[in-house]
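Here's the structure, in structure tokens; my notes come after.
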Amino acid sequence: MDVRGVCLMFCLLLLAHCSQEQTSSKKRNGKKDSATNAAIEELKKQINDIFQELNLLKEQQALQTVCLKGTKILRKCFLADPVKKNFHAASDDCIAKGGSLSTPLTGDENDQLYSYVRQSIGPDEHIWLGINDMVTDGQWVDQSGSNVRFKNWETEITLQPDGGRSQNCAILSTTANGKWFDENCRAEKASVCEFNIV
């Protein structure tokens, strides 16, 4: 072989070697890229987890503020609103605050709610409860649409509920020792929002 052939052969070998180096470098960089992408995804996940934890802490802090302004009864916080509104406006206000209209689940909870209303709103007030029979007359449901299991209707004097189709929302009466009455949903009453403690 002449010098020219040797140079050509050398150049081909050098080119093959450089090509092989670039391929293995790309493979190493590919591994680095995938490792970098995995690290970035893990950081994004950690940031997302931190944001979720921060939001949960904000909710807990807000709930503690509600409990400090209102009262804690069993596993709920209650916050009285003496401003009189119709049922729907009162319900919307509670939902906007992150809660719902109070709905006692037991006699003990009802008694404590009655005491809280007397102390915070007044001894001669009525508050909206988070129950109604708007969909089916006589079938009282809570705000999630579930049938109400605990009931505390006034039955000694007026045999509540007695309003038929014109009175589809329930109130707790402080003048009747925490007994419930059905009422026209357009009437204006005070309210108490409840917030479940997680």
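Each chain in the structure tokens gets a letter, A, B and so on, in the order shown; residues start at 1 in every chain, and ligands are counted from 1 in the order they appear.
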Checklist entry - Among range 22-162 of chain A, which residues carry a DSSP assignment of alpha helix (DSSP H), reported as number ranges by chain? => result A: 22-69, 87-96, 107-120
File dump, residues just selected, C-alpha atoms, as an mmCIF file, in the first residue's frame:
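Done, and the output landed in out_31.cif:
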```cif
data_model
loop_
_atom_site.group_PDB
_atom_site.id
_atom_site.type_symbol
_atom_site.label_atom_id
_atom_site.label_comp_id
_atom_site.auth_asym_id
_atom_site.auth_seq_id
_atom_site.Cartn_x
_atom_site.Cartn_y
_atom_site.Cartn_z
ATOM 1 C CA GLN A 22 -19.962 9.950 19.859
ATOM 2 C CA THR A 23 -22.411 7.038 20.029
ATOM 3 C CA SER A 24 -21.214 5.964 23.475
ATOM 4 C CA SER A 25 -21.184 9.608 24.594
ATOM 5 C CA LYS A 26 -24.791 9.966 23.444
ATOM 6 C CA LYS A 27 -25.696 6.816 25.349
ATOM 7 C CA ARG A 28 -24.044 8.203 28.481
ATOM 8 C CA ASN A 29 -25.754 11.561 27.951
ATOM 9 C CA GLY A 30 -29.025 9.711 27.336
ATOM 10 C CA LYS A 31 -28.611 8.034 30.696
ATOM 11 C CA LYS A 32 -27.789 11.420 32.212
ATOM 12 C CA ASP A 33 -30.829 12.956 30.483
ATOM 13 C CA SER A 34 -33.160 10.271 31.765
ATOM 14 C CA ALA A 35 -31.648 10.580 35.245
ATOM 15 C CA THR A 36 -32.060 14.363 35.040
ATOM 16 C CA ASN A 37 -35.657 13.996 33.856
ATOM 17 C CA ALA A 38 -36.394 11.574 36.680
ATOM 18 C CA ALA A 39 -34.873 13.997 39.194
ATOM 19 C CA ILE A 40 -36.932 16.865 37.777
ATOM 20 C CA GLU A 41 -40.114 14.784 37.980
ATOM 21 C CA GLU A 42 -39.300 13.845 41.591
ATOM 22 C CA LEU A 43 -38.753 17.527 42.464
ATOM 23 C CA LYS A 44 -42.062 18.444 40.819
ATOM 24 C CA LYS A 45 -43.796 15.733 42.864
ATOM 25 C CA GLN A 46 -42.174 16.996 46.078
ATOM 26 C CA ILE A 47 -43.214 20.581 45.291
ATOM 27 C CA ASN A 48 -46.766 19.421 44.603
ATOM 28 C CA ASP A 49 -46.807 17.483 47.893
ATOM 29 C CA ILE A 50 -45.564 20.573 49.744
ATOM 30 C CA PHE A 51 -48.319 22.705 48.171
ATOM 31 C CA GLN A 52 -50.968 20.145 49.171
ATOM 32 C CA GLU A 53 -49.616 20.015 52.715
ATOM 33 C CA LEU A 54 -49.545 23.823 52.857
ATOM 34 C CA ASN A 55 -53.171 24.006 51.688
ATOM 35 C CA LEU A 56 -54.163 21.447 54.318
ATOM 36 C CA LEU A 57 -52.391 23.500 56.993
ATOM 37 C CA LYS A 58 -54.210 26.637 55.780
ATOM 38 C CA GLU A 59 -57.533 24.791 56.024
ATOM 39 C CA GLN A 60 -56.697 23.567 59.520
ATOM 40 C CA GLN A 61 -55.674 27.073 60.575
ATOM 41 C CA ALA A 62 -58.905 28.494 59.158
ATOM 42 C CA LEU A 63 -60.856 25.800 60.978
ATOM 43 C CA GLN A 64 -59.062 26.630 64.234
ATOM 44 C CA THR A 65 -59.979 30.285 63.712
ATOM 45 C CA VAL A 66 -63.613 29.233 63.232
ATOM 46 C CA CYS A 67 -63.449 27.141 66.404
ATOM 47 C CA LEU A 68 -61.941 30.072 68.309
ATOM 48 C CA LYS A 69 -64.656 32.459 67.079
ATOM 49 C CA PHE A 87 -82.619 29.463 53.825
ATOM 50 C CA HIS A 88 -80.813 29.544 50.477
ATOM 51 C CA ALA A 89 -78.766 32.669 51.266
ATOM 52 C CA ALA A 90 -77.779 31.257 54.669
ATOM 53 C CA SER A 91 -76.810 27.947 53.072
ATOM 54 C CA ASP A 92 -74.770 29.681 50.362
ATOM 55 C CA ASP A 93 -72.945 31.768 52.997
ATOM 56 C CA CYS A 94 -71.973 28.644 54.937
ATOM 57 C CA ILE A 95 -70.765 26.904 51.778
ATOM 58 C CA ALA A 96 -68.711 29.998 50.843
ATOM 59 C CA GLY A 107 -79.664 14.525 70.777
ATOM 60 C CA ASP A 108 -76.496 15.591 72.596
ATOM 61 C CA GLU A 109 -75.286 17.578 69.577
ATOM 62 C CA ASN A 110 -78.730 19.186 69.231
ATOM 63 C CA ASP A 111 -78.737 20.182 72.937
ATOM 64 C CA GLN A 112 -75.255 21.701 72.701
ATOM 65 C CA LEU A 113 -76.186 23.549 69.497
ATOM 66 C CA TYR A 114 -79.317 24.890 71.235
ATOM 67 C CA SER A 115 -77.165 26.162 74.145
ATOM 68 C CA TYR A 116 -74.659 27.738 71.763
ATOM 69 C CA VAL A 117 -77.431 29.534 69.827
ATOM 70 C CA ARG A 118 -78.934 30.917 73.070
ATOM 71 C CA GLN A 119 -75.526 32.240 74.142
ATOM 72 C CA SER A 120 -74.302 33.564 70.798
#
```
Per-residue nearest contacts of range 48-141 of chain A to range 178-194 of chain A (7 Å; only C-alpha atoms) as CSV:
```
residue,atom,partner,partner_atom,distance
A:Lys76,CA,A:Glu194,CA,6.4
A:Cys77,CA,A:Glu194,CA,5.6
A:Phe78,CA,A:Glu194,CA,4.5
A:Leu79,CA,A:Cys193,CA,5.3
A:Ala80,CA,A:Val192,CA,4.2
A:Asp81,CA,A:Ser191,CA,5.3
A:Pro82,CA,A:Ala190,CA,4.8
A:Val83,CA,A:Ala190,CA,5.5
A:Lys84,CA,A:Lys189,CA,4.4
A:Lys85,CA,A:Glu188,CA,4.4
A:Asn86,CA,A:Glu188,CA,4.4
A:Phe87,CA,A:Cys185,CA,5.2
A:Ala90,CA,A:Ser191,CA,6.4
A:Cys94,CA,A:Cys193,CA,5.3
A:Gly99,CA,A:Glu194,CA,5.5
A:Ser100,CA,A:Cys193,CA,5.4
A:Leu101,CA,A:Cys193,CA,4.6
A:Ser102,CA,A:Glu194,CA,5.0
A:Asn110,CA,A:Gly178,CA,6.9
A:Asp111,CA,A:Gly178,CA,6.6
A:Tyr114,CA,A:Gly178,CA,5.1
A:His126,CA,A:Lys189,CA,6.2
A:Ile127,CA,A:Ser191,CA,4.6
A:Trp128,CA,A:Ser191,CA,5.2
```
Write to file, as a short mmCIF file (atom, residue, chain, number, x, y, z; two decimals), in the first residue's frame, the residues of the selection just made, with N, CA, C and O atoms.
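Result file is result.cif:
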```
data_model
loop_
_atom_site.label_atom_id
_atom_site.label_comp_id
_atom_site.auth_asym_id
_atom_site.auth_seq_id
_atom_site.Cartn_x
_atom_site.Cartn_y
_atom_site.Cartn_z
N LYS A 76 -67.13 18.72 65.45
CA LYS A 76 -67.47 19.81 64.54
C LYS A 76 -67.19 21.15 65.21
O LYS A 76 -67.22 21.26 66.44
N CYS A 77 -66.95 22.15 64.39
CA CYS A 77 -66.89 23.53 64.86
C CYS A 77 -68.15 24.23 64.35
O CYS A 77 -68.59 23.98 63.23
N PHE A 78 -68.71 25.08 65.19
CA PHE A 78 -69.92 25.82 64.82
C PHE A 78 -69.63 27.31 64.93
O PHE A 78 -68.97 27.76 65.85
N LEU A 79 -70.15 28.06 63.96
CA LEU A 79 -69.97 29.51 63.94
C LEU A 79 -71.32 30.15 63.67
O LEU A 79 -71.93 29.95 62.62
N ALA A 80 -71.80 30.93 64.65
CA ALA A 80 -73.12 31.57 64.55
C ALA A 80 -73.05 32.81 63.68
O ALA A 80 -72.07 33.54 63.67
N ASP A 81 -74.14 33.04 62.94
CA ASP A 81 -74.30 34.25 62.14
C ASP A 81 -75.67 34.84 62.49
O ASP A 81 -76.70 34.32 62.07
N PRO A 82 -75.70 35.92 63.27
CA PRO A 82 -76.98 36.49 63.70
C PRO A 82 -77.75 37.22 62.59
O PRO A 82 -78.93 37.54 62.77
N VAL A 83 -77.10 37.48 61.46
CA VAL A 83 -77.76 38.20 60.36
C VAL A 83 -78.84 37.29 59.78
O VAL A 83 -78.59 36.15 59.41
N LYS A 84 -80.05 37.82 59.71
CA LYS A 84 -81.18 37.02 59.25
C LYS A 84 -81.23 37.00 57.72
O LYS A 84 -81.15 38.04 57.07
N LYS A 85 -81.35 35.78 57.19
CA LYS A 85 -81.39 35.56 55.74
C LYS A 85 -82.36 34.42 55.46
O LYS A 85 -82.69 33.64 56.35
N ASN A 86 -82.75 34.31 54.19
CA ASN A 86 -83.58 33.15 53.85
C ASN A 86 -82.70 31.89 53.84
O ASN A 86 -81.48 31.98 53.91
N PHE A 87 -83.34 30.75 53.74
CA PHE A 87 -82.62 29.46 53.83
C PHE A 87 -81.50 29.37 52.79
O PHE A 87 -80.37 28.99 53.11
N ALA A 90 -78.53 31.74 53.51
CA ALA A 90 -77.78 31.26 54.67
C ALA A 90 -76.94 30.04 54.29
O ALA A 90 -75.77 29.93 54.67
N CYS A 94 -72.73 29.70 54.25
CA CYS A 94 -71.97 28.64 54.94
C CYS A 94 -71.06 27.92 53.96
O CYS A 94 -69.89 27.65 54.27
N GLY A 99 -68.17 25.46 54.93
CA GLY A 99 -68.96 24.58 55.79
C GLY A 99 -70.33 24.34 55.20
O GLY A 99 -70.53 24.40 53.98
N SER A 100 -71.29 24.08 56.08
CA SER A 100 -72.68 23.90 55.68
C SER A 100 -73.56 24.31 56.85
O SER A 100 -73.08 24.48 57.97
N LEU A 101 -74.84 24.48 56.59
CA LEU A 101 -75.77 24.79 57.68
C LEU A 101 -75.73 23.66 58.71
O LEU A 101 -75.61 22.49 58.34
N SER A 102 -75.85 24.02 59.97
CA SER A 102 -75.75 23.02 61.04
C SER A 102 -76.85 21.97 60.90
O SER A 102 -78.00 22.28 60.59
N ASN A 110 -77.61 18.25 69.33
CA ASN A 110 -78.73 19.19 69.23
C ASN A 110 -78.81 20.05 70.49
O ASN A 110 -78.98 21.27 70.40
N ASP A 111 -78.68 19.44 71.67
CA ASP A 111 -78.74 20.18 72.94
C ASP A 111 -77.60 21.19 73.04
O ASP A 111 -77.80 22.33 73.48
N TYR A 114 -78.27 24.04 70.63
CA TYR A 114 -79.32 24.89 71.24
C TYR A 114 -78.69 25.84 72.26
O TYR A 114 -78.95 27.05 72.25
N HIS A 126 -84.46 31.75 66.28
CA HIS A 126 -84.56 30.50 65.54
C HIS A 126 -83.43 30.51 64.53
O HIS A 126 -83.07 31.56 63.99
N ILE A 127 -82.86 29.34 64.26
CA ILE A 127 -81.82 29.24 63.24
C ILE A 127 -82.22 28.20 62.20
O ILE A 127 -82.93 27.24 62.49
N TRP A 128 -81.74 28.43 60.99
CA TRP A 128 -81.93 27.43 59.95
C TRP A 128 -81.12 26.20 60.25
O TRP A 128 -79.98 26.29 60.70
#
```
Item to check | Long-range neighbours of Arg149 in chain A as a ChimeraX atom specification, 12 Å cut-off, only C-alpha atoms, 4 positions minimum in chain | outcome: /A:103-107,131,139-142
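You will find CA of Ser144 in chain A at 25.6 Å from CA of Glu125 in chain A.
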Item to check | In range 71-113 of chain A, DSSP strand (DSSP E) residues written as JSON, numbers by chain | outcome: {"A": [71, 72, 73, 76, 77, 78, 79, 80, 81, 82, 83, 84, 85, 100, 101]}
